[in-house]
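Presented below is the structure to which this report refers.
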Amino acid sequence: MQPLAIIATTMVDTKEDKTKRMIQRNTLRGFMAQTPVDAIHPLVFTDSSTLAAQVREETMAVHGDGLETAVSIPEVLHGFPTMRGIMREAAAAARKAGAAYYGYANGDILF
């Protein structure tokens, strides 16, 4: 089934900061806990292959649809990803998935 929306976010490898990783994991789970369960598909931008693997493992348990979940940061300006690059990638992912909407949410804000 195609998702209603693609929600993009950025996440960093928290290394040993277990609290920050728990917050990121809860945010990711919050995206996927919307009703119905496959309504929201997360798109996580990260430059950490370790975190990307963890995100893919977590989302595959809910979304076995083959849509990409973790991608590298598309465009960087002054050391930070640009919103233009993130939204361009989110729009492309929404078109590919057939989602009606796409957007961005901070990786540490719970819904």
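Residues in the structure tokens are numbered from 1 in each chain, the chains being A, B, ... in the order shown, and ligands are numbered from 1 in the order shown.
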
When you look at Thr27 in chain A with a cut-off of 10 Å (counting only C-alpha atoms), what residues show up, excluding the ones that are within fewer than 4 positions of it in the same chain? I need them as a VMD selection string.
chain A and resid 9 21 to 23 31 to 33 42 105 to 111

Mind listing the strand (DSSP E) residues of chain A, per DSSP on the backbone, as a PyMOL selection string?
chain A and resi 5-10+40-45+70-71+76-77+80-81+101-104

Pick from A:Val76, A:Leu28, A:Ala61, A:Val71 nearest to Glu89 in chain A, counting only C-alpha atoms
A:Val71

Please run DSSP on the backbone and report, as a PyMOL selection string, all residues within chain A that come out as helix (DSSP H, G or I).
chain A and resi 18-32+49-60+83-97

For the residues in the current selection, export C-alpha atoms as a PDB file, in the first residue's frame.
ATOM      1  CA  LYS A  18      21.976   6.824  24.788  1.00  0.00           C
ATOM      2  CA  THR A  19      19.375   9.454  25.697  1.00  0.00           C
ATOM      3  CA  LYS A  20      19.654  11.221  22.343  1.00  0.00           C
ATOM      4  CA  ARG A  21      19.501   7.895  20.478  1.00  0.00           C
ATOM      5  CA  MET A  22      16.385   6.947  22.473  1.00  0.00           C
ATOM      6  CA  ILE A  23      14.781  10.281  21.515  1.00  0.00           C
ATOM      7  CA  GLN A  24      15.613   9.715  17.826  1.00  0.00           C
ATOM      8  CA  ARG A  25      14.305   6.139  17.966  1.00  0.00           C
ATOM      9  CA  ASN A  26      11.070   7.281  19.634  1.00  0.00           C
ATOM     10  CA  THR A  27      10.599   9.989  17.002  1.00  0.00           C
ATOM     11  CA  LEU A  28      11.078   7.435  14.224  1.00  0.00           C
ATOM     12  CA  ARG A  29       8.621   5.072  15.911  1.00  0.00           C
ATOM     13  CA  GLY A  30       6.186   7.972  16.333  1.00  0.00           C
ATOM     14  CA  PHE A  31       6.241   8.604  12.582  1.00  0.00           C
ATOM     15  CA  MET A  32       5.445   4.961  11.954  1.00  0.00           C
ATOM     16  CA  SER A  49      26.303   4.294   7.776  1.00  0.00           C
ATOM     17  CA  THR A  50      25.846   2.743  11.239  1.00  0.00           C
ATOM     18  CA  LEU A  51      22.789   4.866  11.981  1.00  0.00           C
ATOM     19  CA  ALA A  52      21.433   4.302   8.456  1.00  0.00           C
ATOM     20  CA  ALA A  53      21.613   0.518   9.016  1.00  0.00           C
ATOM     21  CA  GLN A  54      19.814   0.855  12.363  1.00  0.00           C
ATOM     22  CA  VAL A  55      17.086   3.008  10.816  1.00  0.00           C
ATOM     23  CA  ARG A  56      16.579   0.553   7.935  1.00  0.00           C
ATOM     24  CA  GLU A  57      16.341  -2.371  10.360  1.00  0.00           C
ATOM     25  CA  GLU A  58      13.793  -0.564  12.507  1.00  0.00           C
ATOM     26  CA  THR A  59      11.608   0.617   9.630  1.00  0.00           C
ATOM     27  CA  MET A  60      11.658  -2.714   7.766  1.00  0.00           C
ATOM     28  CA  MET A  83      16.310  22.517   3.592  1.00  0.00           C
ATOM     29  CA  ARG A  84      16.159  22.920  -0.193  1.00  0.00           C
ATOM     30  CA  GLY A  85      18.099  19.672  -0.695  1.00  0.00           C
ATOM     31  CA  ILE A  86      16.084  17.780   1.913  1.00  0.00           C
ATOM     32  CA  MET A  87      12.739  18.900   0.481  1.00  0.00           C
ATOM     33  CA  ARG A  88      13.823  18.121  -3.074  1.00  0.00           C
ATOM     34  CA  GLU A  89      14.677  14.559  -2.007  1.00  0.00           C
ATOM     35  CA  ALA A  90      11.456  14.240   0.007  1.00  0.00           C
ATOM     36  CA  ALA A  91       9.397  15.370  -2.997  1.00  0.00           C
ATOM     37  CA  ALA A  92      11.137  12.834  -5.232  1.00  0.00           C
ATOM     38  CA  ALA A  93      10.538  10.078  -2.663  1.00  0.00           C
ATOM     39  CA  ALA A  94       6.853  11.054  -2.435  1.00  0.00           C
ATOM     40  CA  ARG A  95       6.461  10.919  -6.221  1.00  0.00           C
ATOM     41  CA  LYS A  96       8.195   7.535  -6.364  1.00  0.00           C
ATOM     42  CA  ALA A  97       6.017   6.114  -3.554  1.00  0.00           C
TER      43      ALA A  97
END

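Minimum distance to Phe45 in chain A across A:Leu67, A:Leu77, A:Val12, A:Ala5 (counting only C-alpha atoms) occurs at A:Val12.
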
Write out as a PyMOL selection string the residues lying within 12 Å of Thr35 in chain A, counting only C-alpha atoms and excluding same-chain residues fewer than 6 positions away.
chain A and resi 3-5+41

For a test of reading the model, state the distance in Å between CA of Ser72 in chain A and CA of Asp38 in chain A, rounded to one decimal.
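Going from CA of Ser72 in chain A over to CA of Asp38 in chain A covers 23.0 Å.
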
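As for CA of Ala100 in chain A and CA of Ser48 in chain A, they are spaced 29.0 Å apart.
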